[in-house]
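**Q** Enclosed is the structure file data-v4.txt (compact mmCIF, C-alpha atoms).
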```txt
# COMPACT_ATOMS: atom_id res chain seq x y z
CA MET A 252 -13.02 74.33 -33.74
CA VAL A 253 -11.28 73.17 -30.57
CA LYS A 254 -8.69 70.44 -30.97
CA VAL A 255 -7.43 68.18 -28.21
CA ALA A 256 -4.03 66.46 -28.09
CA ALA A 257 -4.14 62.91 -29.44
CA LYS A 258 -2.76 61.41 -26.25
CA LEU A 259 -3.05 62.73 -22.73
CA LYS A 260 -0.57 61.66 -20.10
CA ILE A 261 -2.63 60.95 -17.01
CA LYS A 262 -0.82 61.38 -13.72
CA SER A 263 -1.97 60.18 -10.33
CA THR A 264 -1.69 60.92 -6.64
CA ILE A 265 -1.89 57.22 -5.77
CA PRO A 266 1.56 57.13 -4.07
CA ILE A 267 0.48 59.97 -1.73
CA TYR A 268 -2.80 58.33 -0.72
CA ARG A 269 -1.10 54.96 -0.49
CA ALA A 270 1.49 56.40 1.87
CA GLU A 271 -1.29 57.99 3.94
CA ARG A 272 -2.95 54.60 4.33
CA GLY A 273 0.36 52.77 4.74
CA ILE A 274 -0.36 50.15 2.10
CA THR A 275 1.93 48.63 -0.50
CA GLN A 276 1.42 48.53 -4.27
CA GLN A 277 0.67 44.82 -3.99
CA GLU A 278 -2.02 45.38 -1.36
CA LEU A 279 -3.71 48.04 -3.48
CA ALA A 280 -3.41 45.81 -6.54
CA ASP A 281 -5.10 42.92 -4.70
CA VAL A 282 -7.97 45.15 -3.56
CA VAL A 283 -8.73 46.62 -6.99
CA GLY A 284 -8.08 43.34 -8.84
CA VAL A 285 -4.99 44.06 -10.93
CA THR A 286 -1.31 43.13 -10.81
CA ARG A 287 1.35 45.09 -8.94
CA ALA A 288 2.98 45.92 -12.30
CA THR A 289 -0.21 47.72 -13.35
CA ILE A 290 -0.26 49.87 -10.20
CA MET A 291 3.42 50.63 -10.75
CA SER A 292 2.78 51.64 -14.40
CA ILE A 293 -0.16 53.88 -13.38
CA GLU A 294 1.94 55.58 -10.69
CA LYS A 295 4.74 56.21 -13.19
CA GLY A 296 2.24 57.55 -15.72
CA ASN A 297 3.17 54.90 -18.28
CA TYR A 298 -0.30 53.35 -18.45
CA ASN A 299 -3.67 55.08 -18.67
CA PRO A 300 -6.12 52.98 -16.64
CA SER A 301 -9.68 52.25 -17.74
CA LEU A 302 -12.48 54.38 -16.33
CA GLU A 303 -13.68 51.38 -14.30
CA LEU A 304 -10.27 50.91 -12.68
CA CYS A 305 -10.07 54.66 -11.95
CA PHE A 306 -13.42 54.41 -10.15
CA ARG A 307 -12.30 51.32 -8.23
CA ILE A 308 -9.15 53.07 -7.02
CA ALA A 309 -11.13 56.22 -6.17
CA LEU A 310 -13.69 54.14 -4.25
CA PHE A 311 -10.94 52.43 -2.29
CA PHE A 312 -9.39 55.75 -1.24
CA GLU A 313 -12.86 57.30 -0.75
CA LYS A 314 -12.01 60.23 -3.02
CA ASN A 315 -13.33 61.72 -6.23
CA ILE A 316 -11.64 60.57 -9.42
CA GLU A 317 -10.25 64.08 -10.07
CA GLU A 318 -8.44 63.99 -6.73
CA ILE A 319 -6.54 60.89 -7.79
CA PHE A 320 -6.16 61.24 -11.54
CA TYR A 321 -5.29 64.44 -13.38
CA VAL A 322 -3.59 65.71 -16.51
CA GLU A 323 -0.71 68.03 -15.85
CA ASN A 324 -1.16 71.39 -17.61
CA LEU A 325 -4.48 70.22 -19.02
CA MET A 326 -5.18 73.40 -20.96
CA GLU A 327 -1.93 73.06 -22.91
CA ASN A 328 -3.48 70.03 -24.60
CA LYS A 329 -6.29 72.14 -26.03
CA TYR A 330 -5.80 74.04 -29.28
CA GLU A 331 -8.09 76.56 -30.95
CA MET B 201 -21.44 28.11 -20.88
CA ASN B 202 -23.98 25.59 -19.59
CA ASN B 203 -23.16 22.61 -17.35
CA LYS B 204 -22.99 20.06 -20.15
CA LEU B 205 -20.49 22.13 -22.10
CA GLU B 206 -18.44 22.72 -18.96
CA LYS B 207 -18.31 18.96 -18.38
CA LEU B 208 -17.31 18.40 -21.99
CA LEU B 209 -14.60 21.04 -21.61
CA LYS B 210 -13.29 19.18 -18.55
CA VAL B 211 -13.29 15.90 -20.49
CA ASN B 212 -11.41 17.58 -23.33
CA LEU B 213 -8.84 18.97 -20.90
CA TRP B 214 -8.37 15.49 -19.41
CA ILE B 215 -7.91 14.10 -22.92
CA SER B 216 -5.25 16.75 -23.58
CA LYS B 217 -3.42 15.77 -20.40
CA TYR B 218 -3.66 12.11 -21.39
CA LEU B 219 -2.26 12.92 -24.87
CA LEU B 220 0.67 14.72 -23.31
CA PHE B 221 1.54 12.28 -20.52
CA SER B 222 1.10 9.13 -22.62
CA LEU B 223 3.37 10.49 -25.35
CA PRO B 224 6.39 8.45 -24.10
CA PHE B 225 4.45 5.21 -24.79
CA VAL B 226 3.68 6.41 -28.31
CA VAL B 227 7.34 7.25 -28.88
CA TRP B 228 8.24 3.83 -27.46
CA VAL B 229 5.98 1.90 -29.87
CA VAL B 230 7.08 4.02 -32.84
CA ALA B 231 10.75 3.47 -31.98
CA TRP B 232 10.07 -0.25 -31.57
CA ALA B 233 8.34 -0.36 -34.97
CA ILE B 234 11.32 1.41 -36.56
CA THR B 235 13.71 -1.24 -35.19
CA LEU B 236 11.49 -3.95 -36.73
CA THR B 237 11.88 -2.60 -40.26
CA ASN B 238 15.35 -3.91 -40.88
CA ASN B 239 16.83 -2.01 -43.84
CA GLY B 240 13.59 -2.11 -45.76
CA GLN B 241 13.23 -5.87 -45.40
CA LYS B 242 9.94 -7.50 -44.52
CA TYR B 243 8.44 -6.26 -41.32
CA ILE B 244 7.70 -9.02 -38.79
CA GLU B 245 5.27 -8.03 -36.08
CA PRO B 246 6.21 -9.39 -32.65
CA LYS B 247 3.55 -11.62 -31.07
CA THR B 248 3.96 -10.29 -27.57
CA PHE B 249 1.35 -8.98 -25.17
CA LEU B 250 3.30 -5.74 -24.65
CA TRP B 251 3.35 -5.06 -28.40
CA GLU B 252 -0.43 -5.64 -28.60
CA ILE B 253 -1.10 -3.27 -25.70
CA LEU B 254 1.19 -0.56 -27.06
CA SER B 255 -0.26 -0.86 -30.56
CA TRP B 256 -3.87 -0.56 -29.35
CA HIS B 257 -2.84 2.32 -27.15
CA PHE B 258 -1.25 4.01 -30.15
CA ILE B 259 -4.48 3.68 -32.15
CA ALA B 260 -6.54 5.13 -29.28
CA TRP B 261 -4.02 7.93 -28.79
CA PHE B 262 -4.12 8.82 -32.47
CA VAL B 263 -7.93 8.91 -32.58
CA LEU B 264 -7.98 11.18 -29.51
CA LEU B 265 -5.33 13.38 -31.11
CA VAL B 266 -7.50 13.88 -34.19
CA TYR B 267 -10.51 14.63 -31.95
CA SER B 268 -8.48 17.17 -29.94
CA ILE B 269 -7.15 18.93 -33.02
CA LEU B 270 -10.68 19.20 -34.46
CA SER B 271 -11.91 20.54 -31.10
CA LEU B 272 -9.13 23.12 -31.17
CA VAL B 273 -10.30 24.32 -34.56
CA PHE B 274 -14.04 24.35 -33.94
CA TRP B 275 -14.53 25.01 -30.21
CA SER B 276 -13.29 28.37 -28.95
CA PRO B 277 -13.42 27.81 -25.11
CA PHE B 278 -11.24 24.71 -25.47
CA ARG B 279 -8.97 26.48 -27.94
CA GLU B 280 -8.45 29.39 -25.56
CA ARG B 281 -7.68 27.16 -22.58
CA ILE B 282 -5.23 24.92 -24.41
CA LEU B 283 -3.47 27.50 -26.55
CA THR B 284 -3.06 29.84 -23.57
CA LEU B 285 -1.12 27.04 -21.89
CA LEU B 286 0.80 26.00 -25.00
CA THR B 287 1.88 29.52 -25.91
CA PHE B 288 2.64 30.59 -22.32
CA SER B 289 0.47 33.67 -22.75
CA LYS B 290 -1.19 35.08 -19.65
CA VAL B 291 -3.65 37.92 -19.28
CA ARG B 292 -4.30 38.77 -15.64
CA ASP B 293 -5.71 42.28 -15.77
CA GLU B 294 -6.73 45.12 -18.07
CA ARG B 295 -3.17 46.33 -18.69
CA GLU B 296 -2.08 42.86 -19.79
CA THR B 297 -5.22 42.63 -21.96
CA TYR B 298 -4.17 45.92 -23.56
CA ILE B 299 -0.59 44.71 -24.08
CA SER B 300 -1.84 41.38 -25.41
CA GLY B 301 -4.09 43.22 -27.88
CA GLN B 302 -1.21 45.37 -29.07
CA ALA B 303 1.05 42.32 -29.41
CA SER B 304 -1.66 40.37 -31.26
CA LYS B 305 -2.09 43.23 -33.72
CA ALA B 306 1.66 43.46 -34.31
CA THR B 307 1.87 39.66 -34.68
CA PHE B 308 -1.04 39.64 -37.12
CA TYR B 309 0.63 42.21 -39.36
CA SER B 310 4.07 40.64 -39.17
CA THR B 311 2.74 37.13 -39.88
CA LEU B 312 0.68 38.49 -42.76
CA ALA B 313 3.83 40.11 -44.17
CA ILE B 314 5.65 36.75 -43.93
CA LEU B 315 2.70 35.01 -45.64
CA ILE B 316 2.77 37.55 -48.46
CA LEU B 317 6.51 36.91 -48.87
CA PHE B 318 5.95 33.14 -48.92
CA PHE B 319 3.10 33.50 -51.40
CA PHE B 320 5.35 35.55 -53.66
CA LEU B 321 8.29 33.15 -53.33
CA SER B 322 6.16 30.01 -53.73
CA GLY B 323 5.21 30.84 -57.30
CA LEU B 324 8.35 32.68 -58.35
CA GLN B 325 10.38 31.23 -61.18
CA LEU B 326 13.65 33.02 -61.78
CA LEU B 327 16.21 31.67 -64.22
CA ILE B 328 19.58 33.23 -64.97
CA TYR B 329 21.59 31.20 -67.44
CA LYS B 330 23.85 31.20 -70.47
CA LYS B 331 22.56 29.74 -73.69
CA PRO B 332 24.77 27.35 -75.68
CA LYS B 333 27.17 29.13 -78.07
CA GLU B 334 25.21 28.00 -81.13
CA GLU B 335 22.05 29.74 -79.81
CA ALA B 336 23.76 33.07 -79.01
CA ILE B 337 22.07 36.20 -80.36
CA ASP B 338 24.53 38.88 -81.53
CA GLY B 339 27.18 37.02 -79.55
CA LYS B 340 25.24 37.41 -76.32
CA ARG B 341 24.42 34.26 -74.34
CA GLY B 342 23.30 35.61 -70.95
CA THR B 343 19.55 35.20 -70.38
CA LEU B 344 17.19 36.20 -67.61
CA THR B 345 13.72 34.66 -67.32
CA ILE B 346 11.17 35.74 -64.74
CA GLY B 347 7.89 33.91 -64.29
CA TYR B 348 5.16 33.25 -61.80
CA SER B 349 3.24 30.01 -61.50
CA PHE B 350 0.00 29.76 -59.57
CA ASN B 351 -1.93 26.49 -59.28
CA PHE B 352 -4.89 25.56 -57.11
CA VAL B 353 -3.77 21.94 -56.80
CA ASN B 354 -0.45 20.15 -57.05
CA SER B 355 0.11 19.11 -60.64
CA ASP B 356 2.87 18.78 -63.20
CA ALA B 357 3.04 22.55 -63.48
CA LYS B 358 6.79 22.54 -62.97
CA LYS B 359 7.33 21.28 -66.52
CA ASP B 360 9.09 24.45 -67.62
CA ILE B 361 11.83 24.00 -65.06
CA GLU B 362 12.22 20.30 -65.92
CA VAL B 363 12.60 21.18 -69.61
CA PHE B 364 15.16 23.78 -68.63
CA ASP B 365 17.03 21.28 -66.43
CA ASN B 366 17.36 18.91 -69.36
CA SER B 367 18.61 21.60 -71.73
CA LYS B 368 22.23 22.42 -72.57
CA ASN B 369 21.95 25.85 -70.92
CA GLU B 370 24.68 26.82 -68.50
CA LYS B 371 22.84 27.51 -65.23
CA ILE B 372 23.87 30.48 -63.11
CA LEU B 373 20.86 30.93 -60.82
CA VAL B 374 17.66 28.90 -60.73
CA ILE B 375 14.87 29.81 -58.29
CA ASP B 376 11.70 27.76 -58.52
CA GLY B 377 9.36 28.35 -55.61
CA ILE B 378 10.25 27.68 -51.99
CA PRO B 379 12.56 24.69 -51.54
CA PHE B 380 11.10 23.72 -48.13
CA THR B 381 8.38 21.14 -47.65
CA GLN B 382 4.84 22.08 -46.58
CA GLU B 383 5.49 20.62 -43.11
CA THR B 384 8.63 22.71 -42.61
CA LEU B 385 6.88 25.86 -43.75
CA LEU B 386 3.86 25.32 -41.48
CA LEU B 387 6.11 24.50 -38.52
CA PHE B 388 8.16 27.62 -39.21
CA LEU B 389 4.98 29.72 -39.39
CA MET B 390 3.70 28.33 -36.08
CA ILE B 391 7.02 28.98 -34.33
CA TYR B 392 7.26 32.43 -35.92
CA HIS B 393 3.68 33.27 -34.89
CA ILE B 394 4.22 32.31 -31.23
CA SER B 395 7.66 33.89 -30.94
CA SER B 396 6.63 37.15 -32.59
CA TYR B 397 3.67 37.40 -30.17
CA HIS B 398 6.04 36.96 -27.23
CA ILE B 399 8.63 39.39 -28.59
CA PHE B 400 6.00 42.08 -29.21
CA SER B 401 4.42 41.43 -25.77
CA ARG B 402 7.81 41.75 -24.08
CA LYS B 403 8.45 45.00 -25.95
CA ARG B 404 5.08 46.45 -24.84
CA PHE B 405 5.62 45.26 -21.27
CA VAL B 406 8.86 47.22 -21.15
CA GLU B 407 7.16 50.30 -22.62
CA ASN B 408 4.22 50.12 -20.17
```
Spit out the file's structure as structure tokens when you get a sec.
**A**
Amino acid sequence: MVKVAAKLKIKSTIPIYRAERGITQQELADVVGVTRATIMSIEKGNYNPSLELCFRIALFFEKNIEEIFYVENLMENKYE
Amino acid sequence: MNNKLEKLLKVNLWISKYLLFSLPFVVWVVAWAITLTNNGQKYIEPKTFLWEILSWHFIAWFVLLVYSILSLVFWSPFRERILTLLTFSKVRDERETYISGQASKATFYSTLAILILFFFLSGLQLLIYKKPKEEAIDGKRGTLTIGYSFNFVNSDAKKDIEVFDNSKNEKILVIDGIPFTQETLLLFLMIYHISSYHIFSRKRFVEN
């Protein structure tokens, strides 16, 4: 049976897309309805956002969720 | 929440503000009353208009205080609004909700651990003493007694300790429940509960 790591560290490309749009963490936070600290934590990979927040951020950047959020070396978290 | 309840919530919040901001007048009348009781001698009530006003205000304030405390216990929207302010807790987004949940869980367990400790200590009776020479067994006088007393209501259950106090035994260590009053213990628990929530929140904020 396949086993998956208990905790996945989700990384994001938010800083890249933010830089493209020229917006600050605070501006993004205001648009998606969270605090700047939350955006900062997501960018650092310290906090795994809810699916709803992922969709909100993806909608704002007009991207698919997978383009913004990903797990580095995903297959290493899967065990046979 | 329907309109009527929202109005009632507003009234309750106004009452809370009134209770807070009129507190100096309550302290004033209490301090005044204390100065009137001169070393336990007969208390003479002043016949002034100011005294009358302050006294009636105190009665009204006290009735509203009882109403507010009961509302806190039985009405959750009011409880959440007031206690959020009183405990300085704020939850602005999902990450803070997550942190608050983690801190609440940690606080729940740590407070429960403290309550278990208090429950254990409250009934504990530990006596270490030396018996009088004439009661020594094989020349040994040192005695250790461990007991636990549990009562549903306050009664004269502490008889054993009183009997021991009146005996000729040479006391070394006597532990009989928690020496603090109920008020002190409850105040300690409230302060501990709020501070542990804040400490655990702070810790999670740093981690996240």
**Q** Based on only C-alpha atoms, which of the residues in chain A come within 12 Å of chain B? I want them as an MDAnalysis selection string.
**A** chainID A and resid 280:281 283:305
**Q** Tell me, in Å to one decimal, how far CA of Phe380 in chain B is from CA of Ser396 in chain B.
**A**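 Going from CA of Phe380 in chain B over to CA of Ser396 in chain B, I get 21.0 Å.
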**Q** Using all atoms listed in the file, pick whichever of B:Ile299, B:Val273, B:Ile282, B:Leu209 has the shortest atom-to-atom distance to His398 in chain B.
**A**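 Residue with the minimum atom-to-atom distance to His398 in chain B: B:Ile299.
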**Q** Using all atoms listed in the file, pick whichever of B:Ser304, B:Ile372, B:Phe288, B:Leu315 has the shortest atom-to-atom distance to Ile328 in chain B.
**A**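 Ranked by minimum distance to Ile328 in chain B, first place goes to B:Ile372.
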**Q** What's the separation between CA of Leu327 in chain B and CA of Thr381 in chain B, in Å to one decimal place?
**A**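 These atoms are spaced 21.1 Å apart.
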**Q** Report the distance between CA of Asn351 in chain B and CA of Leu312 in chain B in Å, rounded to one decimal place.
**A** 20.6 Å
**Q** Which centre and edge lengths in Å to one decimal define the box along x, y and z that fits every listed atom of range 315-328 of chain A plus 6 Å per side, as JSON?
**A**
```
{"center_x": -7.0, "center_y": 67.0, "center_z": -15.4, "size_x": 24.6, "size_y": 24.8, "size_z": 30.4}
```
**Q** Supply range 252-263 of chain A as a PDB file, in the frame of the given file, with all heavy atoms built in where the input has gaps.
**A**
```
ATOM      1  N   MET A 252     -12.651  75.516 -34.520  1.00  0.00           N
ATOM      2  CA  MET A 252     -13.020  74.330 -33.740  1.00  0.00           C
ATOM      3  C   MET A 252     -11.896  73.947 -32.765  1.00  0.00           C
ATOM      4  O   MET A 252     -10.729  74.014 -33.134  1.00  0.00           O
ATOM      5  CB  MET A 252     -13.281  73.161 -34.697  1.00  0.00           C
ATOM      6  CG  MET A 252     -13.981  72.010 -34.048  1.00  0.00           C
ATOM      7  SD  MET A 252     -14.383  70.804 -35.343  1.00  0.00           S
ATOM      8  CE  MET A 252     -14.592  69.376 -34.347  1.00  0.00           C
ATOM      9  N   VAL A 253     -12.286  73.529 -31.600  1.00  0.00           N
ATOM     10  CA  VAL A 253     -11.280  73.170 -30.570  1.00  0.00           C
ATOM     11  C   VAL A 253     -10.681  71.803 -30.883  1.00  0.00           C
ATOM     12  O   VAL A 253     -11.396  70.881 -31.249  1.00  0.00           O
ATOM     13  CB  VAL A 253     -11.937  73.146 -29.175  1.00  0.00           C
ATOM     14  CG1 VAL A 253     -10.943  72.674 -28.131  1.00  0.00           C
ATOM     15  CG2 VAL A 253     -12.491  74.503 -28.831  1.00  0.00           C
ATOM     16  N   LYS A 254      -9.353  71.731 -30.769  1.00  0.00           N
ATOM     17  CA  LYS A 254      -8.690  70.440 -30.970  1.00  0.00           C
ATOM     18  C   LYS A 254      -8.042  70.023 -29.660  1.00  0.00           C
ATOM     19  O   LYS A 254      -7.554  70.871 -28.910  1.00  0.00           O
ATOM     20  CB  LYS A 254      -7.623  70.560 -32.060  1.00  0.00           C
ATOM     21  CG  LYS A 254      -8.210  70.616 -33.449  1.00  0.00           C
ATOM     22  CD  LYS A 254      -7.106  70.653 -34.480  1.00  0.00           C
ATOM     23  CE  LYS A 254      -7.685  70.780 -35.865  1.00  0.00           C
ATOM     24  NZ  LYS A 254      -6.632  70.993 -36.858  1.00  0.00           N
ATOM     25  N   VAL A 255      -8.035  68.715 -29.436  1.00  0.00           N
ATOM     26  CA  VAL A 255      -7.430  68.180 -28.210  1.00  0.00           C
ATOM     27  C   VAL A 255      -6.275  67.262 -28.591  1.00  0.00           C
ATOM     28  O   VAL A 255      -6.369  66.551 -29.599  1.00  0.00           O
ATOM     29  CB  VAL A 255      -8.484  67.411 -27.376  1.00  0.00           C
ATOM     30  CG1 VAL A 255      -7.875  66.840 -26.106  1.00  0.00           C
ATOM     31  CG2 VAL A 255      -9.658  68.304 -27.043  1.00  0.00           C
ATOM     32  N   ALA A 256      -5.199  67.306 -27.814  1.00  0.00           N
ATOM     33  CA  ALA A 256      -4.030  66.460 -28.090  1.00  0.00           C
ATOM     34  C   ALA A 256      -4.450  64.997 -28.231  1.00  0.00           C
ATOM     35  O   ALA A 256      -5.361  64.543 -27.531  1.00  0.00           O
ATOM     36  CB  ALA A 256      -3.015  66.600 -26.967  1.00  0.00           C
ATOM     37  N   ALA A 257      -3.763  64.293 -29.145  1.00  0.00           N
ATOM     38  CA  ALA A 257      -4.140  62.910 -29.440  1.00  0.00           C
ATOM     39  C   ALA A 257      -3.980  62.004 -28.217  1.00  0.00           C
ATOM     40  O   ALA A 257      -4.744  61.072 -28.017  1.00  0.00           O
ATOM     41  CB  ALA A 257      -3.313  62.384 -30.595  1.00  0.00           C
ATOM     42  N   LYS A 258      -2.975  62.270 -27.423  1.00  0.00           N
ATOM     43  CA  LYS A 258      -2.760  61.410 -26.250  1.00  0.00           C
ATOM     44  C   LYS A 258      -2.489  62.270 -25.018  1.00  0.00           C
ATOM     45  O   LYS A 258      -1.614  63.136 -25.049  1.00  0.00           O
ATOM     46  CB  LYS A 258      -1.581  60.470 -26.522  1.00  0.00           C
ATOM     47  CG  LYS A 258      -1.445  59.424 -25.440  1.00  0.00           C
ATOM     48  CD  LYS A 258      -0.625  58.242 -25.862  1.00  0.00           C
ATOM     49  CE  LYS A 258      -0.482  57.343 -24.663  1.00  0.00           C
ATOM     50  NZ  LYS A 258      -0.504  55.983 -24.890  1.00  0.00           N
ATOM     51  N   LEU A 259      -3.249  62.009 -23.985  1.00  0.00           N
ATOM     52  CA  LEU A 259      -3.050  62.730 -22.730  1.00  0.00           C
ATOM     53  C   LEU A 259      -2.275  61.842 -21.767  1.00  0.00           C
ATOM     54  O   LEU A 259      -2.557  60.646 -21.665  1.00  0.00           O
ATOM     55  CB  LEU A 259      -4.393  63.096 -22.095  1.00  0.00           C
ATOM     56  CG  LEU A 259      -5.323  64.012 -22.886  1.00  0.00           C
ATOM     57  CD1 LEU A 259      -6.610  64.244 -22.110  1.00  0.00           C
ATOM     58  CD2 LEU A 259      -4.669  65.348 -23.196  1.00  0.00           C
ATOM     59  N   LYS A 260      -1.313  62.443 -21.082  1.00  0.00           N
ATOM     60  CA  LYS A 260      -0.570  61.660 -20.100  1.00  0.00           C
ATOM     61  C   LYS A 260      -1.236  61.876 -18.739  1.00  0.00           C
ATOM     62  O   LYS A 260      -1.169  62.970 -18.168  1.00  0.00           O
ATOM     63  CB  LYS A 260       0.893  62.092 -20.084  1.00  0.00           C
ATOM     64  CG  LYS A 260       1.740  61.107 -19.307  1.00  0.00           C
ATOM     65  CD  LYS A 260       3.214  61.279 -19.568  1.00  0.00           C
ATOM     66  CE  LYS A 260       3.997  60.207 -18.833  1.00  0.00           C
ATOM     67  NZ  LYS A 260       5.417  60.302 -19.043  1.00  0.00           N
ATOM     68  N   ILE A 261      -1.895  60.838 -18.265  1.00  0.00           N
ATOM     69  CA  ILE A 261      -2.630  60.950 -17.010  1.00  0.00           C
ATOM     70  C   ILE A 261      -1.695  60.641 -15.839  1.00  0.00           C
ATOM     71  O   ILE A 261      -1.030  59.599 -15.812  1.00  0.00           O
ATOM     72  CB  ILE A 261      -3.847  60.007 -17.012  1.00  0.00           C
ATOM     73  CG1 ILE A 261      -4.807  60.456 -18.123  1.00  0.00           C
ATOM     74  CG2 ILE A 261      -4.542  59.992 -15.656  1.00  0.00           C
ATOM     75  CD1 ILE A 261      -5.982  59.560 -18.351  1.00  0.00           C
ATOM     76  N   LYS A 262      -1.660  61.575 -14.908  1.00  0.00           N
ATOM     77  CA  LYS A 262      -0.820  61.380 -13.720  1.00  0.00           C
ATOM     78  C   LYS A 262      -1.727  61.023 -12.544  1.00  0.00           C
ATOM     79  O   LYS A 262      -2.954  61.196 -12.636  1.00  0.00           O
ATOM     80  CB  LYS A 262      -0.035  62.639 -13.420  1.00  0.00           C
ATOM     81  CG  LYS A 262       0.955  62.971 -14.533  1.00  0.00           C
ATOM     82  CD  LYS A 262       2.089  63.777 -14.004  1.00  0.00           C
ATOM     83  CE  LYS A 262       3.285  63.688 -14.932  1.00  0.00           C
ATOM     84  NZ  LYS A 262       4.470  64.239 -14.309  1.00  0.00           N
ATOM     85  N   SER A 263      -1.122  60.549 -11.473  1.00  0.00           N
ATOM     86  CA  SER A 263      -1.970  60.180 -10.330  1.00  0.00           C
ATOM     87  C   SER A 263      -1.320  60.536  -9.000  1.00  0.00           C
ATOM     88  O   SER A 263      -0.096  60.710  -8.915  1.00  0.00           O
ATOM     89  CB  SER A 263      -2.255  58.683 -10.374  1.00  0.00           C
ATOM     90  OG  SER A 263      -1.209  57.969  -9.788  1.00  0.00           O
TER      91      SER A 263
END
```
